[in-house]
Amino acid sequence: MNNTYVSRFRSELELFSVVLMWGINFPLIKIILVVVPPHVLNVLRISSAGLVLGFIYFRRSKWSFSTFWAPLRSDPKAFILISFVGWIFYQVAFITGINLTSAGNAAIIMASPPVWTAILGRIMGVDRLSLFSWVGLLVSIAGTASIVALGTAEISLSSDLFLGNAFMLLAAAFWGFYTAMSRPMVAKHSPLALAVISLLIALPFLVIYSVPFWKLVDWSLVTPWYFLAIFLSGSLSTGVAIVFWNKSVQKLGASHTAAFNNLVPLIALFSSYFMLGSEIVAVQMIGGSLVIGGLVLMRWARRRMEKNEPIQEVRIL
């Protein structure tokens, strides 16, 4: 079997594990937010991710601080920019949006990062899409919209939910930009290094931002099960998933990777059914078929473009 094909297939399996972790993480966060304020939860989740990934990266750096921080010394501005976009602005907007808006609004708005990624990737010159890829992308987004808009009555732009919707839209844009900007970075640095160093740059800012909210926590309600859920949410969904995501950007391209984001609402739908008792209706299954069909079309278009055209060198900004 062709080694390139095996490598791509492994990357796509890792992507599926990412959307699985993120899909399950959605109802998990909703459960934790009942007892932990959103920005406190952010710090706990990201600290858990930092502990797990930091240990792995430090070991791969052969316990050398010089090797550990070497990527930052070579590209300080790029690391700082990615830290703010992907770990500060995105995380704050995401957790705030989930806390303020409905599950339906959050799911449909967070289906839009592939569009932001494709547009920014095209502008930056780090990625490209064929006509069929655009069609597949739009089909996936249409499937995500139908899952939420036709399968539930939660979609609303009322004044009570407008602020939450606005934060989710910001989060979607920030994640799309992060995915596109990480493409030239993973061409120079390992995905693990990118995730760990960016996280460590962002964490002090997130801690400072969370300070006023710690006094709101009633620790008597935070049982060991909540702490376990927070650790899993951080170490897997915020930690390991980000590394796999960066690796996929490196192997498959930013727009192709971002398209898999449309599977997250589908996974969240089923995980919410089992974890929260949410109802599943027939039209949501139809929408799920559109999501998967769009991903298949985009994958085919990407392979067709790579087969018929020479691969261009990645531009390092």
# chains A, B, ... in the order shown; residues from 1 in each chain; ligands from 1
call {"tool": "residues_around", "arguments": {"residues": "segment 99-101 of chain A", "least_positions_apart": "6", "cutoff": "8 Å", "atoms": "only C-alpha atoms", "output": "list in words"}}
result
Lys30, Leu33, Pro38, Leu161, Phe162, Leu163, Gly164 and Asn165 of chain A
call {"tool": "write_last_selection", "arguments": {"atoms": "N, CA and C atoms", "output": "PDB file, in the first residue's frame"}}
result
ATOM      1  N   LYS A  30     -21.633  21.543  28.909  1.00  0.00           N
ATOM      2  CA  LYS A  30     -22.920  22.041  29.398  1.00  0.00           C
ATOM      3  C   LYS A  30     -23.214  21.505  30.805  1.00  0.00           C
ATOM      4  N   LEU A  33     -20.827  23.342  33.339  1.00  0.00           N
ATOM      5  CA  LEU A  33     -21.166  24.754  33.524  1.00  0.00           C
ATOM      6  C   LEU A  33     -22.269  24.967  34.545  1.00  0.00           C
ATOM      7  N   PRO A  38     -17.964  29.806  33.484  1.00  0.00           N
ATOM      8  CA  PRO A  38     -17.294  29.505  32.212  1.00  0.00           C
ATOM      9  C   PRO A  38     -15.805  29.829  32.169  1.00  0.00           C
ATOM     10  N   LEU A 161     -30.668  36.044  23.397  1.00  0.00           N
ATOM     11  CA  LEU A 161     -29.604  35.148  22.953  1.00  0.00           C
ATOM     12  C   LEU A 161     -28.619  35.830  21.998  1.00  0.00           C
ATOM     13  N   PHE A 162     -28.877  37.090  21.649  1.00  0.00           N
ATOM     14  CA  PHE A 162     -28.066  37.747  20.625  1.00  0.00           C
ATOM     15  C   PHE A 162     -26.595  37.827  21.026  1.00  0.00           C
ATOM     16  N   LEU A 163     -26.329  38.159  22.294  1.00  0.00           N
ATOM     17  CA  LEU A 163     -24.935  38.282  22.737  1.00  0.00           C
ATOM     18  C   LEU A 163     -24.219  36.941  22.635  1.00  0.00           C
ATOM     19  N   GLY A 164     -24.895  35.864  23.044  1.00  0.00           N
ATOM     20  CA  GLY A 164     -24.292  34.543  22.932  1.00  0.00           C
ATOM     21  C   GLY A 164     -24.036  34.158  21.491  1.00  0.00           C
ATOM     22  N   ASN A 165     -24.992  34.475  20.606  1.00  0.00           N
ATOM     23  CA  ASN A 165     -24.806  34.193  19.177  1.00  0.00           C
ATOM     24  C   ASN A 165     -23.615  34.959  18.619  1.00  0.00           C
TER      25      ASN A 165
END
call {"tool": "residues_around", "arguments": {"residues": "Ile80 of chain A", "least_positions_apart": "6", "cutoff": "9 Å", "atoms": "only C-alpha atoms", "output": "list in words"}}
result
Leu72, Ser198, Ile201 and Ala202 of chain A
call {"tool": "write_last_selection", "arguments": {"atoms": "N, CA and C atoms", "output": "mmCIF file, in the first residue's frame"}}
result
data_model
loop_
_atom_site.group_PDB
_atom_site.id
_atom_site.type_symbol
_atom_site.label_atom_id
_atom_site.label_comp_id
_atom_site.auth_asym_id
_atom_site.auth_seq_id
_atom_site.Cartn_x
_atom_site.Cartn_y
_atom_site.Cartn_z
ATOM 1 N N LEU A 72 9.862 28.839 19.735
ATOM 2 C CA LEU A 72 9.433 30.195 20.069
ATOM 3 C C LEU A 72 10.509 31.214 19.736
ATOM 4 N N SER A 198 1.995 27.585 22.295
ATOM 5 C CA SER A 198 0.893 28.539 22.167
ATOM 6 C C SER A 198 0.015 28.532 23.410
ATOM 7 N N ILE A 201 1.788 30.301 26.357
ATOM 8 C CA ILE A 201 1.766 31.761 26.194
ATOM 9 C C ILE A 201 0.419 32.320 26.601
ATOM 10 N N ALA A 202 -0.648 31.605 26.235
ATOM 11 C CA ALA A 202 -2.004 32.105 26.472
ATOM 12 C C ALA A 202 -2.473 31.937 27.908
#
call {"tool": "closest_residue", "arguments": {"among": "A:Phe167, A:Phe9, A:Phe79, A:Trp300", "to": "Leu129 of chain A", "atoms": "only C-alpha atoms"}}
result
A:Trp300
call {"tool": "select_by_dssp", "arguments": {"residues": "segment 82-293 of chain A", "states": "alpha helix (DSSP H)", "output": "PyMOL selection string"}}
result
chain A and resi 82-83+90-100+103-109+113-124+131-149+159-186+191-210+224-232+241-252+254-259+264-276+282-293
call {"tool": "write_last_selection", "arguments": {"atoms": "C-alpha atoms", "output": "compact mmCIF listing (two decimals), in the first residue's frame"}}
result
# COMPACT_ATOMS: atom_id res chain seq x y z
CA ILE A 82 -1.50 32.17 17.04
CA SER A 83 -1.70 32.07 20.85
CA TYR A 90 -11.23 31.70 20.53
CA GLN A 91 -11.43 30.07 23.97
CA VAL A 92 -12.98 33.11 25.64
CA ALA A 93 -15.51 33.61 22.85
CA PHE A 94 -16.34 29.88 22.68
CA ILE A 95 -16.97 29.32 26.39
CA THR A 96 -18.89 32.61 26.69
CA GLY A 97 -21.05 31.77 23.70
CA ILE A 98 -21.90 28.27 24.93
CA ASN A 99 -22.83 29.70 28.30
CA LEU A 100 -25.13 32.39 26.89
CA ALA A 103 -27.27 24.48 21.97
CA GLY A 104 -28.93 24.88 18.56
CA ASN A 105 -27.49 28.33 17.93
CA ALA A 106 -24.02 27.21 19.05
CA ALA A 107 -24.02 24.17 16.74
CA ILE A 108 -25.13 25.96 13.59
CA ILE A 109 -22.80 28.94 14.07
CA PRO A 113 -15.16 27.81 10.46
CA PRO A 114 -14.42 25.94 7.17
CA VAL A 115 -15.66 28.98 5.26
CA TRP A 116 -13.45 31.33 7.27
CA THR A 117 -10.51 28.95 6.90
CA ALA A 118 -10.94 28.59 3.14
CA ILE A 119 -11.22 32.35 2.62
CA LEU A 120 -8.25 33.24 4.83
CA GLY A 121 -6.18 30.34 3.50
CA ARG A 122 -6.78 31.59 -0.03
CA ILE A 123 -5.82 35.16 0.94
CA MET A 124 -2.66 33.98 2.75
CA LEU A 131 -14.86 24.09 -7.49
CA PHE A 132 -15.89 20.60 -6.32
CA SER A 133 -14.22 21.24 -2.96
CA TRP A 134 -16.30 24.38 -2.50
CA VAL A 135 -19.43 22.45 -3.41
CA GLY A 136 -18.59 19.72 -0.89
CA LEU A 137 -17.89 22.31 1.77
CA LEU A 138 -21.23 24.05 1.19
CA VAL A 139 -23.10 20.73 1.17
CA SER A 140 -21.59 19.87 4.56
CA ILE A 141 -22.58 23.25 5.96
CA ALA A 142 -26.11 22.84 4.57
CA GLY A 143 -26.33 19.45 6.28
CA THR A 144 -25.22 20.95 9.58
CA ALA A 145 -27.78 23.74 9.23
CA SER A 146 -30.59 21.27 8.54
CA ILE A 147 -29.61 19.16 11.57
CA VAL A 148 -30.18 22.13 13.83
CA ALA A 149 -32.62 24.45 12.03
CA SER A 159 -32.37 39.79 22.14
CA ASP A 160 -31.88 37.36 25.05
CA LEU A 161 -29.60 35.15 22.95
CA PHE A 162 -28.07 37.75 20.63
CA LEU A 163 -24.93 38.28 22.74
CA GLY A 164 -24.29 34.54 22.93
CA ASN A 165 -24.81 34.19 19.18
CA ALA A 166 -22.35 37.04 18.57
CA PHE A 167 -19.71 35.36 20.74
CA MET A 168 -20.21 32.03 18.94
CA LEU A 169 -19.79 33.77 15.57
CA LEU A 170 -16.56 35.34 16.84
CA ALA A 171 -15.40 31.92 18.06
CA ALA A 172 -16.13 30.37 14.66
CA ALA A 173 -14.15 33.09 12.89
CA PHE A 174 -11.22 32.84 15.31
CA TRP A 175 -11.06 29.06 14.90
CA GLY A 176 -11.14 29.36 11.13
CA PHE A 177 -8.32 31.90 11.24
CA TYR A 178 -6.32 29.73 13.65
CA THR A 179 -6.60 26.74 11.32
CA ALA A 180 -5.43 28.74 8.32
CA MET A 181 -2.59 30.44 10.20
CA SER A 182 -1.31 27.16 11.62
CA ARG A 183 -0.60 25.77 8.12
CA PRO A 184 2.71 27.62 7.58
CA MET A 185 3.67 27.07 11.22
CA VAL A 186 3.34 23.27 11.12
CA PRO A 191 2.17 20.15 15.81
CA LEU A 192 2.88 19.25 19.45
CA ALA A 193 5.32 22.13 19.85
CA LEU A 194 2.85 24.53 18.26
CA ALA A 195 0.05 23.46 20.61
CA VAL A 196 2.11 23.43 23.83
CA ILE A 197 3.99 26.68 23.36
CA SER A 198 0.89 28.54 22.17
CA LEU A 199 -1.05 27.21 25.15
CA LEU A 200 1.62 28.25 27.65
CA ILE A 201 1.77 31.76 26.19
CA ALA A 202 -2.00 32.10 26.47
CA LEU A 203 -2.57 30.54 29.90
CA PRO A 204 -1.38 33.49 32.07
CA PHE A 205 -3.75 35.85 30.20
CA LEU A 206 -6.66 33.43 30.68
CA VAL A 207 -5.85 33.11 34.41
CA ILE A 208 -5.83 36.89 34.86
CA TYR A 209 -9.12 37.22 32.97
CA SER A 210 -10.73 34.55 35.18
CA PRO A 224 -14.71 14.36 42.11
CA TRP A 225 -16.77 13.38 39.05
CA TYR A 226 -16.81 17.01 37.93
CA PHE A 227 -13.04 17.24 38.38
CA LEU A 228 -12.64 14.08 36.29
CA ALA A 229 -14.91 15.52 33.59
CA ILE A 230 -12.91 18.78 33.59
CA PHE A 231 -9.63 16.88 33.29
CA LEU A 232 -10.92 14.76 30.40
CA ALA A 241 -7.39 17.00 19.86
CA ILE A 242 -5.52 20.24 19.10
CA VAL A 243 -2.31 18.28 18.34
CA PHE A 244 -4.18 15.92 16.02
CA TRP A 245 -5.86 18.92 14.40
CA ASN A 246 -2.52 20.63 13.76
CA LYS A 247 -1.08 17.40 12.33
CA SER A 248 -4.03 17.15 9.96
CA VAL A 249 -3.50 20.74 8.82
CA GLN A 250 0.10 19.74 8.10
CA LYS A 251 -0.81 16.58 6.19
CA LEU A 252 -4.17 17.38 4.57
CA ALA A 254 -6.24 23.75 6.28
CA SER A 255 -9.52 23.76 4.32
CA HIS A 256 -9.73 19.97 4.07
CA THR A 257 -9.12 19.65 7.81
CA ALA A 258 -11.61 22.38 8.68
CA ALA A 259 -14.34 20.62 6.69
CA VAL A 264 -19.02 17.88 15.34
CA PRO A 265 -22.73 18.85 15.56
CA LEU A 266 -23.69 15.36 14.35
CA ILE A 267 -21.57 13.71 17.04
CA ALA A 268 -22.86 16.21 19.59
CA LEU A 269 -26.42 15.29 18.61
CA PHE A 270 -25.96 11.63 19.50
CA SER A 271 -23.83 12.28 22.58
CA SER A 272 -26.44 14.75 23.84
CA TYR A 273 -29.08 12.07 23.36
CA PHE A 274 -27.21 9.63 25.60
CA MET A 275 -25.84 12.16 28.10
CA LEU A 276 -28.66 14.71 28.30
CA ALA A 282 -35.64 12.07 11.24
CA VAL A 283 -34.63 15.32 9.54
CA GLN A 284 -31.48 15.40 11.65
CA MET A 285 -30.46 12.03 10.21
CA ILE A 286 -30.97 13.43 6.70
CA GLY A 287 -28.81 16.42 7.60
CA GLY A 288 -26.14 14.07 8.91
CA SER A 289 -26.09 12.29 5.56
CA LEU A 290 -25.49 15.64 3.84
CA VAL A 291 -22.62 16.40 6.20
CA ILE A 292 -20.90 13.10 5.46
CA GLY A 293 -21.66 13.38 1.73
call {"tool": "atom_distance", "arguments": {"atom1": "atom CA of Val6 of chain A", "atom2": "atom CA of Arg299 of chain A"}}
result
14.7 Å
